[in-house]
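Notes follow once the structure below has been shown.
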Amino acid sequence: MNIVVNGEKQSFENSITLEQLVTKMGFFGKRIAIELNEEIRPADQFSTIHLNEGDVVEIVQAIGGGQGDELIIAGKKYSSRLLVGTGKYKDLTETQAAIETSGAEIVTVAIRRTNIGQNPGEANLLDVISPDKYTILPNTAGCYTAKDALRTCRLARELLGGHKLVKLEVLGDEKTLFPDITATLESAEILIKEGFEVMVYTNDDPIIAKRLEEMGCVAVMPLAAPIGSGLGIRNPYNIMTIIENAKVPIIVDAGVGTASDAAIGMELGCAGILMNTAIAHAKNPVLMASAMKKAVQSGREAFLAGRMPRRRYASASSPLDGLI
């Protein structure tokens with residue numbers, strides 16, 4: 001039996017009651033309210049209400065008021081600040097498992113020609129990474145000209161039914177995969193005029209980052225190091241300068257190799273981290289996805305907490321008053 005609980009699909013071998021569902025979800029005995037198929041059900045009836053195939057259940061509880069610490073891109077709120085790619089995994093099963101474990105809500109996909117003669121029953125990426133669950137972020141990976149980047153974005157909009165959010169990258173060199181800034185600026189300007197919401201990959205130049213923001217890009221994504229290199233953040237001071245001057249989310253894109261790199265990026269004040277190779281090429285991608293999720297969360301908390309000042313000399317933790 002398949003049902004939807006708080007927006008996520010849940011499967012059970014047999015029919016269960018609301019009370020059994022509450023118990024399985026770990027909410028038994030807690031103060032909650034339940035809406036079943038848009039109808040509120042009293043708590044004293046949970047044990048007698050049986051769920052059926054396709055039922056939609058909403059379970060709510062009280063939380064502290066105020067604004068949450070959410071990532072907002074193009075007016076949409078996200079609870080996860082980790083964005084992930086879908087390439088380089090050994091198969092779609094591993095892709096799905098790693099992305100689910102990462103907790104990411106924004107997932108990048110490349111747009112490529114279909115394989116003529118493909119088996120009609122062969123799985124498609126969007127079959128395992130559903131647009132109903134994730135914000136699909138088509139990117140222009142592999143494009144070396146403004147013309148190709150524009151064509152790719154327009155095809156992505158058609159493929160995804162009018163989808164406006166895209167990740168723009170126009171590469172300038174096959175060895176380094178550094179961005180071609182002139183072509184990036186040209187492409188971004190045209191896409192924005194056509195109504196696209198552009199998240200843009202760029203170098204770590206604060207001047208270019210600000211110009212892309214002023215043009216209307218909804219997020220600016222400076223590289224930490226060359227794509228797929230795993231070298232970590234090579235120029236943290238430029239990243240900090242970009243963040244200090246920005247009014248849109250700054251998301252480190254490319255170069256992260258391990259969890260400590262992600263944490264450092266978040267501690268600098270980045271709004272998020274986008275990665276693919278660091279997870280997909282790990283010896284255990286699913287475990288690395290879990291590590292990256294925690295690193296992004298802890299790095300964000302450390303940034304919000306505000307680190308202690310660096311000192312050249314020691315400073316005693318214990319007071320000296322009353323020393324024997």
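Each chain in the structure tokens gets a letter, A, B, ..., in the order shown, and its residues are numbered from 1; ligands are numbered from 1 in order too.
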- Item | Selection: 8 Å around A:Phe196, only C-alpha atoms, excl. self and same-chain fewer than 3 positions, as a VMD selection string | chain A and resid 164 to 166 191 to 193
Could you save the residues just selected, with N, CA and C atoms, as a PDB file, in the first residue's frame?
```
ATOM      1  N   LYS A 164      11.791  27.665 -15.414  1.00  0.00           N
ATOM      2  CA  LYS A 164      12.562  28.892 -15.606  1.00  0.00           C
ATOM      3  C   LYS A 164      13.921  28.880 -14.912  1.00  0.00           C
ATOM      4  N   LEU A 165      14.064  28.089 -13.861  1.00  0.00           N
ATOM      5  CA  LEU A 165      15.302  28.094 -13.079  1.00  0.00           C
ATOM      6  C   LEU A 165      16.368  27.251 -13.777  1.00  0.00           C
ATOM      7  N   VAL A 166      17.521  27.851 -14.075  1.00  0.00           N
ATOM      8  CA  VAL A 166      18.601  27.139 -14.761  1.00  0.00           C
ATOM      9  C   VAL A 166      19.936  27.503 -14.119  1.00  0.00           C
ATOM     10  N   LEU A 191      19.410  35.402 -21.298  1.00  0.00           N
ATOM     11  CA  LEU A 191      18.494  34.509 -20.580  1.00  0.00           C
ATOM     12  C   LEU A 191      17.588  35.282 -19.623  1.00  0.00           C
ATOM     13  N   ILE A 192      18.149  36.248 -18.938  1.00  0.00           N
ATOM     14  CA  ILE A 192      17.344  37.048 -18.006  1.00  0.00           C
ATOM     15  C   ILE A 192      16.267  37.819 -18.763  1.00  0.00           C
ATOM     16  N   LYS A 193      16.611  38.363 -19.917  1.00  0.00           N
ATOM     17  CA  LYS A 193      15.623  39.084 -20.744  1.00  0.00           C
ATOM     18  C   LYS A 193      14.518  38.147 -21.225  1.00  0.00           C
TER      19      LYS A 193
END
```
- Task: Identify, on the basis of only C-alpha atoms, every residue whose closest approach to stretch 48-52 of chain A does not exceed 12 Å; exclude the query and any residue fewer than 6 positions from it along the same chain; express the result as an MDAnalysis selection string.
- Result: chainID A and resid 1:5 10:22 34:37 40:42
Write a file of the selected residues as a PDB file, in the first residue's frame, keeping C-alpha atoms.
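Output below, filename selection.pdb:
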```
ATOM      1  CA  MET A   1       0.000   0.000   0.000  1.00  0.00           C
ATOM      2  CA  ASN A   2       1.347   3.420  -0.970  1.00  0.00           C
ATOM      3  CA  ILE A   3       0.339   6.621   0.804  1.00  0.00           C
ATOM      4  CA  VAL A   4       1.764  10.144   1.040  1.00  0.00           C
ATOM      5  CA  VAL A   5       2.806  11.448   4.461  1.00  0.00           C
ATOM      6  CA  GLN A  10       5.514   5.880   2.117  1.00  0.00           C
ATOM      7  CA  SER A  11       4.982   2.197   1.365  1.00  0.00           C
ATOM      8  CA  PHE A  12       3.543  -0.515   3.635  1.00  0.00           C
ATOM      9  CA  GLU A  13       2.964  -4.194   2.991  1.00  0.00           C
ATOM     10  CA  ASN A  14      -0.501  -4.171   4.559  1.00  0.00           C
ATOM     11  CA  SER A  15      -3.222  -1.707   5.433  1.00  0.00           C
ATOM     12  CA  ILE A  16      -2.587   0.129   8.688  1.00  0.00           C
ATOM     13  CA  THR A  17      -4.527   2.440  10.976  1.00  0.00           C
ATOM     14  CA  LEU A  18      -3.695   6.047  11.691  1.00  0.00           C
ATOM     15  CA  GLU A  19      -2.578   4.999  15.165  1.00  0.00           C
ATOM     16  CA  GLN A  20      -0.183   2.432  13.711  1.00  0.00           C
ATOM     17  CA  LEU A  21       1.165   5.042  11.295  1.00  0.00           C
ATOM     18  CA  VAL A  22       1.716   7.501  14.139  1.00  0.00           C
ATOM     19  CA  ILE A  34      -3.653  14.844  11.595  1.00  0.00           C
ATOM     20  CA  GLU A  35      -5.392  15.725   8.367  1.00  0.00           C
ATOM     21  CA  LEU A  36      -6.417  12.761   6.194  1.00  0.00           C
ATOM     22  CA  ASN A  37      -7.293  13.637   2.593  1.00  0.00           C
ATOM     23  CA  ILE A  40      -9.038  16.703  10.150  1.00  0.00           C
ATOM     24  CA  ARG A  41      -9.411  13.477  12.161  1.00  0.00           C
ATOM     25  CA  PRO A  42      -9.862  13.464  15.984  1.00  0.00           C
TER      26      PRO A  42
END
```
- Note on the structure: Counting only C-alpha atoms, the residue among A:Val198, A:Leu160, A:Ile227, A:Val218 that lies closest to A:Pro179 is A:Ile227
- Message: Applying 9 Å and only C-alpha atoms, which residues near A:Met275 remain after dropping the ones on its own chain fewer than 5 positions away? List them as a PyMOL selection string.
- Response: chain A and resi 82-85+228+252-257
Based on the selection just made, write N, CA and C atoms of those residues as an mmCIF file, in the first residue's frame.
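Listing of result09.cif after writing:
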```cif
data_model
loop_
_atom_site.group_PDB
_atom_site.id
_atom_site.type_symbol
_atom_site.label_atom_id
_atom_site.label_comp_id
_atom_site.auth_asym_id
_atom_site.auth_seq_id
_atom_site.Cartn_x
_atom_site.Cartn_y
_atom_site.Cartn_z
ATOM 1 N N LEU A 82 22.490 22.201 0.838
ATOM 2 C CA LEU A 82 23.347 21.360 0.018
ATOM 3 C C LEU A 82 22.650 21.085 -1.306
ATOM 4 N N LEU A 83 23.285 21.453 -2.405
ATOM 5 C CA LEU A 83 22.776 21.192 -3.743
ATOM 6 C C LEU A 83 23.675 20.133 -4.368
ATOM 7 N N VAL A 84 23.092 19.190 -5.070
ATOM 8 C CA VAL A 84 23.902 18.088 -5.591
ATOM 9 C C VAL A 84 23.637 17.846 -7.070
ATOM 10 N N GLY A 85 24.647 17.241 -7.710
ATOM 11 C CA GLY A 85 24.529 16.857 -9.104
ATOM 12 C C GLY A 85 24.178 15.390 -9.241
ATOM 13 N N GLY A 228 35.613 19.282 -10.339
ATOM 14 C CA GLY A 228 36.037 17.896 -10.192
ATOM 15 C C GLY A 228 37.411 17.698 -9.601
ATOM 16 N N VAL A 252 28.936 28.222 -3.275
ATOM 17 C CA VAL A 252 30.196 27.694 -3.801
ATOM 18 C C VAL A 252 29.904 26.525 -4.730
ATOM 19 N N ASP A 253 30.482 26.577 -5.914
ATOM 20 C CA ASP A 253 30.231 25.565 -6.939
ATOM 21 C C ASP A 253 31.554 25.103 -7.513
ATOM 22 N N ALA A 254 31.865 23.846 -7.326
ATOM 23 C CA ALA A 254 33.048 23.209 -7.923
ATOM 24 C C ALA A 254 34.250 23.261 -7.003
ATOM 25 N N GLY A 255 34.926 22.118 -6.890
ATOM 26 C CA GLY A 255 36.195 22.045 -6.183
ATOM 27 C C GLY A 255 36.156 21.432 -4.796
ATOM 28 N N VAL A 256 34.954 21.281 -4.226
ATOM 29 C CA VAL A 256 34.850 20.660 -2.901
ATOM 30 C C VAL A 256 35.261 19.194 -3.002
ATOM 31 N N GLY A 257 36.075 18.738 -2.048
ATOM 32 C CA GLY A 257 36.548 17.362 -2.092
ATOM 33 C C GLY A 257 36.051 16.495 -0.956
#
```
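Atom CA of A:Arg157 to atom CA of A:Ala278 spans 28.0 Å [interatomic distance, one decimal].
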- Item | 10 Å contact set for A:Ile251, only C-alpha atoms, chain neighbours under 2 positions out, as an MDAnalysis selection string | chainID A and resid 81:83 199:201 219:224 239 243 248:249 253:254 265:266 269:274
Could the residues in this selection be written to a file with N, CA, C and O atoms, as a JSON list (two decimals), in the first residue's frame?
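Writing done, so here's out_23.json:
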```
[["chain", "number", "residue", "atom", "x", "y", "z"],
["A", 81, "ARG", "N", 20.75, 23.39, 2.46],
["A", 81, "ARG", "CA", 21.69, 24.28, 1.79],
["A", 81, "ARG", "C", 22.72, 23.50, 0.98],
["A", 81, "ARG", "O", 23.71, 24.06, 0.52],
["A", 82, "LEU", "N", 22.49, 22.20, 0.84],
["A", 82, "LEU", "CA", 23.35, 21.36, 0.02],
["A", 82, "LEU", "C", 22.65, 21.09, -1.31],
["A", 82, "LEU", "O", 21.53, 20.57, -1.33],
["A", 83, "LEU", "N", 23.29, 21.45, -2.40],
["A", 83, "LEU", "CA", 22.78, 21.19, -3.74],
["A", 83, "LEU", "C", 23.67, 20.13, -4.37],
["A", 83, "LEU", "O", 24.90, 20.17, -4.19],
["A", 199, "MET", "N", 20.95, 30.93, -12.17],
["A", 199, "MET", "CA", 22.00, 30.68, -11.19],
["A", 199, "MET", "C", 23.28, 30.49, -11.99],
["A", 199, "MET", "O", 23.33, 29.61, -12.85],
["A", 200, "VAL", "N", 24.29, 31.29, -11.73],
["A", 200, "VAL", "CA", 25.41, 31.37, -12.66],
["A", 200, "VAL", "C", 26.73, 30.93, -12.05],
["A", 200, "VAL", "O", 27.14, 31.41, -10.99],
["A", 201, "TYR", "N", 27.41, 30.03, -12.76],
["A", 201, "TYR", "CA", 28.76, 29.58, -12.39],
["A", 201, "TYR", "C", 29.77, 30.58, -12.90],
["A", 201, "TYR", "O", 29.73, 31.00, -14.06],
["A", 219, "ALA", "N", 21.22, 33.80, -8.23],
["A", 219, "ALA", "CA", 22.27, 33.28, -7.36],
["A", 219, "ALA", "C", 23.58, 33.31, -8.14],
["A", 219, "ALA", "O", 23.59, 33.07, -9.35],
["A", 220, "VAL", "N", 24.65, 33.62, -7.44],
["A", 220, "VAL", "CA", 25.98, 33.63, -8.05],
["A", 220, "VAL", "C", 26.78, 32.50, -7.44],
["A", 220, "VAL", "O", 26.80, 32.32, -6.22],
["A", 221, "MET", "N", 27.48, 31.73, -8.30],
["A", 221, "MET", "CA", 28.10, 30.48, -7.86],
["A", 221, "MET", "C", 29.59, 30.46, -8.22],
["A", 221, "MET", "O", 30.00, 29.88, -9.23],
["A", 222, "PRO", "N", 30.42, 31.10, -7.40],
["A", 222, "PRO", "CA", 31.85, 31.10, -7.68],
["A", 222, "PRO", "C", 32.48, 29.74, -7.40],
["A", 222, "PRO", "O", 32.06, 29.02, -6.49],
["A", 223, "LEU", "N", 33.48, 29.41, -8.19],
["A", 223, "LEU", "CA", 34.18, 28.14, -7.98],
["A", 223, "LEU", "C", 35.08, 28.23, -6.75],
["A", 223, "LEU", "O", 35.59, 29.29, -6.40],
["A", 224, "ALA", "N", 35.25, 27.09, -6.08],
["A", 224, "ALA", "CA", 36.21, 26.99, -5.00],
["A", 224, "ALA", "C", 37.56, 26.57, -5.55],
["A", 224, "ALA", "O", 38.62, 26.98, -5.06],
["A", 239, "ILE", "N", 36.20, 34.71, -1.82],
["A", 239, "ILE", "CA", 34.84, 34.23, -1.54],
["A", 239, "ILE", "C", 34.19, 35.11, -0.47],
["A", 239, "ILE", "O", 33.02, 35.50, -0.59],
["A", 243, "ILE", "N", 30.78, 37.44, -0.81],
["A", 243, "ILE", "CA", 29.65, 37.30, 0.11],
["A", 243, "ILE", "C", 29.31, 38.64, 0.75],
["A", 243, "ILE", "O", 28.13, 39.02, 0.84],
["A", 248, "VAL", "N", 22.28, 38.58, -3.17],
["A", 248, "VAL", "CA", 21.67, 37.33, -3.62],
["A", 248, "VAL", "C", 22.48, 36.18, -3.02],
["A", 248, "VAL", "O", 23.62, 36.39, -2.57],
["A", 249, "PRO", "N", 21.94, 34.96, -2.98],
["A", 249, "PRO", "CA", 22.70, 33.83, -2.43],
["A", 249, "PRO", "C", 24.00, 33.59, -3.18],
["A", 249, "PRO", "O", 24.04, 33.60, -4.41],
["A", 253, "ASP", "N", 30.48, 26.58, -5.91],
["A", 253, "ASP", "CA", 30.23, 25.57, -6.94],
["A", 253, "ASP", "C", 31.55, 25.10, -7.51],
["A", 253, "ASP", "O", 32.28, 25.90, -8.10],
["A", 254, "ALA", "N", 31.86, 23.85, -7.33],
["A", 254, "ALA", "CA", 33.05, 23.21, -7.92],
["A", 254, "ALA", "C", 34.25, 23.26, -7.00],
["A", 254, "ALA", "O", 34.56, 24.30, -6.42],
["A", 265, "GLY", "N", 33.40, 26.30, 3.61],
["A", 265, "GLY", "CA", 32.61, 27.18, 2.74],
["A", 265, "GLY", "C", 31.42, 27.78, 3.48],
["A", 265, "GLY", "O", 31.14, 28.98, 3.35],
["A", 266, "MET", "N", 30.76, 26.98, 4.26],
["A", 266, "MET", "CA", 29.60, 27.47, 5.01],
["A", 266, "MET", "C", 30.03, 28.41, 6.13],
["A", 266, "MET", "O", 29.35, 29.38, 6.44],
["A", 269, "GLY", "N", 30.31, 31.93, 5.25],
["A", 269, "GLY", "CA", 29.05, 32.64, 5.07],
["A", 269, "GLY", "C", 28.33, 32.34, 3.79],
["A", 269, "GLY", "O", 27.35, 33.01, 3.44],
["A", 270, "CYS", "N", 28.80, 31.32, 3.05],
["A", 270, "CYS", "CA", 28.11, 30.94, 1.82],
["A", 270, "CYS", "C", 26.67, 30.53, 2.13],
["A", 270, "CYS", "O", 26.39, 29.95, 3.18],
["A", 271, "ALA", "N", 25.78, 30.82, 1.18],
["A", 271, "ALA", "CA", 24.38, 30.43, 1.36],
["A", 271, "ALA", "C", 24.18, 28.94, 1.14],
["A", 271, "ALA", "O", 23.21, 28.36, 1.61],
["A", 272, "GLY", "N", 25.10, 28.32, 0.39],
["A", 272, "GLY", "CA", 24.97, 26.90, 0.11],
["A", 272, "GLY", "C", 26.21, 26.39, -0.61],
["A", 272, "GLY", "O", 27.12, 27.17, -0.96],
["A", 273, "ILE", "N", 26.25, 25.08, -0.80],
["A", 273, "ILE", "CA", 27.35, 24.42, -1.51],
["A", 273, "ILE", "C", 26.75, 23.50, -2.55],
["A", 273, "ILE", "O", 25.83, 22.72, -2.25],
["A", 274, "LEU", "N", 27.27, 23.56, -3.78],
["A", 274, "LEU", "CA", 26.85, 22.63, -4.81],
["A", 274, "LEU", "C", 28.01, 21.69, -5.11],
["A", 274, "LEU", "O", 29.15, 22.14, -5.30]]
```
- Message: Give me, as a ChimeraX atom specification, the residues of stretch 140-222 of chain A that a backbone DSSP run labels strand (DSSP E).
- Response: /A:165-168,197-202,219-222
Produce a file of the selected residues containing N, CA, C and O atoms, as a compact mmCIF listing (two decimals), in the first residue's frame.
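Done, and the output landed in part_24.txt:
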```
# COMPACT_ATOMS: atom_id res chain seq x y z
N LEU A 165 14.06 28.09 -13.86
CA LEU A 165 15.30 28.09 -13.08
C LEU A 165 16.37 27.25 -13.78
O LEU A 165 16.16 26.06 -14.04
N VAL A 166 17.52 27.85 -14.08
CA VAL A 166 18.60 27.14 -14.76
C VAL A 166 19.94 27.50 -14.12
O VAL A 166 20.09 28.57 -13.51
N LYS A 167 20.88 26.59 -14.27
CA LYS A 167 22.26 26.88 -13.87
C LYS A 167 23.06 27.11 -15.15
O LYS A 167 23.19 26.23 -15.99
N LEU A 168 23.59 28.32 -15.28
CA LEU A 168 24.35 28.69 -16.46
C LEU A 168 25.84 28.51 -16.20
O LEU A 168 26.38 29.05 -15.23
N GLU A 197 15.33 32.34 -14.72
CA GLU A 197 15.90 32.63 -13.40
C GLU A 197 17.27 31.96 -13.38
O GLU A 197 17.38 30.74 -13.35
N VAL A 198 18.31 32.76 -13.43
CA VAL A 198 19.65 32.26 -13.72
C VAL A 198 20.50 32.15 -12.46
O VAL A 198 20.73 33.15 -11.76
N MET A 199 20.95 30.93 -12.17
CA MET A 199 22.00 30.68 -11.19
C MET A 199 23.28 30.49 -11.99
O MET A 199 23.33 29.61 -12.85
N VAL A 200 24.29 31.29 -11.73
CA VAL A 200 25.41 31.37 -12.66
C VAL A 200 26.73 30.93 -12.05
O VAL A 200 27.14 31.41 -10.99
N TYR A 201 27.41 30.03 -12.76
CA TYR A 201 28.76 29.58 -12.39
C TYR A 201 29.77 30.58 -12.90
O TYR A 201 29.73 31.00 -14.06
N THR A 202 30.69 30.98 -12.01
CA THR A 202 31.67 31.98 -12.40
C THR A 202 32.98 31.73 -11.66
O THR A 202 33.10 30.79 -10.88
N ALA A 219 21.22 33.80 -8.23
CA ALA A 219 22.27 33.28 -7.36
C ALA A 219 23.58 33.31 -8.14
O ALA A 219 23.59 33.07 -9.35
N VAL A 220 24.65 33.62 -7.44
CA VAL A 220 25.98 33.63 -8.05
C VAL A 220 26.78 32.50 -7.44
O VAL A 220 26.80 32.32 -6.22
N MET A 221 27.48 31.73 -8.30
CA MET A 221 28.10 30.48 -7.86
C MET A 221 29.59 30.46 -8.22
O MET A 221 30.00 29.88 -9.23
N PRO A 222 30.42 31.10 -7.40
CA PRO A 222 31.85 31.10 -7.68
C PRO A 222 32.48 29.74 -7.40
O PRO A 222 32.06 29.02 -6.49
```
- Task: Could you please determine the separation between atom CA of A:Ala146 and atom CA of A:Thr184 in Å, to one decimal place?
- Result: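 Taking atom CA of A:Ala146 as the start and atom CA of A:Thr184 as the end point, the length is 6.9 Å.
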- Item | Sel. of helix (DSSP H, G or I) residues, stretch 54-258 of chain A, as a PyMOL selection string | chain A and resi 92-102+125-128+146-159+181-193+206-215+236-245
As a PDB file with N, CA, C and O atoms, in the first residue's frame, please: the residues near A:Asp132 (cut-off 12 Å, only C-alpha atoms, same-chain neighbours under 6 positions excluded).
```pdb
ATOM      1  N   GLY A   7       3.938  14.999   2.358  1.00  0.00           N
ATOM      2  CA  GLY A   7       4.518  15.249   1.050  1.00  0.00           C
ATOM      3  C   GLY A   7       5.465  14.192   0.542  1.00  0.00           C
ATOM      4  O   GLY A   7       5.968  14.311  -0.574  1.00  0.00           O
ATOM      5  N   GLU A   8       5.719  13.139   1.324  1.00  0.00           N
ATOM      6  CA  GLU A   8       6.642  12.090   0.898  1.00  0.00           C
ATOM      7  C   GLU A   8       5.934  10.751   0.802  1.00  0.00           C
ATOM      8  O   GLU A   8       5.114  10.405   1.648  1.00  0.00           O
ATOM      9  N   LYS A   9       6.284   9.997  -0.231  1.00  0.00           N
ATOM     10  CA  LYS A   9       5.667   8.691  -0.457  1.00  0.00           C
ATOM     11  C   LYS A   9       6.146   7.688   0.581  1.00  0.00           C
ATOM     12  O   LYS A   9       7.336   7.592   0.881  1.00  0.00           O
ATOM     13  N   GLU A 105      17.483  19.362  -1.809  1.00  0.00           N
ATOM     14  CA  GLU A 105      16.188  19.639  -2.427  1.00  0.00           C
ATOM     15  C   GLU A 105      16.334  20.189  -3.842  1.00  0.00           C
ATOM     16  O   GLU A 105      15.378  20.184  -4.602  1.00  0.00           O
ATOM     17  N   ILE A 106      17.526  20.670  -4.177  1.00  0.00           N
ATOM     18  CA  ILE A 106      17.826  21.158  -5.522  1.00  0.00           C
ATOM     19  C   ILE A 106      18.844  20.212  -6.143  1.00  0.00           C
ATOM     20  O   ILE A 106      19.906  19.967  -5.572  1.00  0.00           O
ATOM     21  N   LEU A 126      14.845  11.153 -14.521  1.00  0.00           N
ATOM     22  CA  LEU A 126      13.717  11.810 -13.858  1.00  0.00           C
ATOM     23  C   LEU A 126      12.710  10.807 -13.289  1.00  0.00           C
ATOM     24  O   LEU A 126      11.786  11.197 -12.586  1.00  0.00           O
ATOM     25  N   LEU A 160      11.032  20.527 -19.476  1.00  0.00           N
ATOM     26  CA  LEU A 160      10.460  20.528 -18.122  1.00  0.00           C
ATOM     27  C   LEU A 160       9.192  21.377 -18.028  1.00  0.00           C
ATOM     28  O   LEU A 160       8.793  21.788 -16.940  1.00  0.00           O
TER      29      LEU A 160
END
```
Closest atom pairs, stretch 256-316 of chain A residues within 8 Å of stretch 86-97 of chain A, only C-alpha atoms, as JSON lines:
```
{"residue": "A:Asn276", "atom": "CA", "partner": "A:Thr86", "partner_atom": "CA", "distance": 6.7}
{"residue": "A:Thr277", "atom": "CA", "partner": "A:Lys88", "partner_atom": "CA", "distance": 6.9}
{"residue": "A:Ala280", "atom": "CA", "partner": "A:Tyr89", "partner_atom": "CA", "distance": 5.2}
{"residue": "A:His281", "atom": "CA", "partner": "A:Lys88", "partner_atom": "CA", "distance": 7.1}
{"residue": "A:Pro285", "atom": "CA", "partner": "A:Glu94", "partner_atom": "CA", "distance": 7.8}
{"residue": "A:Val286", "atom": "CA", "partner": "A:Ala97", "partner_atom": "CA", "distance": 6.4}
```
For those residues, write N, CA and C atoms to a file as a PDB file, in the first residue's frame.
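Saved as result_21.pdb:
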```pdb
ATOM      1  N   ASN A 276      29.124  17.520  -6.874  1.00  0.00           N
ATOM      2  CA  ASN A 276      28.780  16.272  -7.543  1.00  0.00           C
ATOM      3  C   ASN A 276      29.885  15.241  -7.355  1.00  0.00           C
ATOM      4  N   THR A 277      31.072  15.559  -7.902  1.00  0.00           N
ATOM      5  CA  THR A 277      32.167  14.588  -7.887  1.00  0.00           C
ATOM      6  C   THR A 277      32.558  14.178  -6.475  1.00  0.00           C
ATOM      7  N   ALA A 280      29.931  11.529  -5.696  1.00  0.00           N
ATOM      8  CA  ALA A 280      29.834  10.422  -6.656  1.00  0.00           C
ATOM      9  C   ALA A 280      31.124   9.624  -6.773  1.00  0.00           C
ATOM     10  N   HIS A 281      32.284  10.245  -6.594  1.00  0.00           N
ATOM     11  CA  HIS A 281      33.561   9.553  -6.728  1.00  0.00           C
ATOM     12  C   HIS A 281      34.166   9.137  -5.390  1.00  0.00           C
ATOM     13  N   PRO A 285      29.734   6.490  -1.906  1.00  0.00           N
ATOM     14  CA  PRO A 285      29.009   7.729  -2.194  1.00  0.00           C
ATOM     15  C   PRO A 285      27.865   8.019  -1.228  1.00  0.00           C
ATOM     16  N   VAL A 286      27.134   6.998  -0.832  1.00  0.00           N
ATOM     17  CA  VAL A 286      25.983   7.225   0.055  1.00  0.00           C
ATOM     18  C   VAL A 286      26.460   7.715   1.420  1.00  0.00           C
TER      19      VAL A 286
END
```
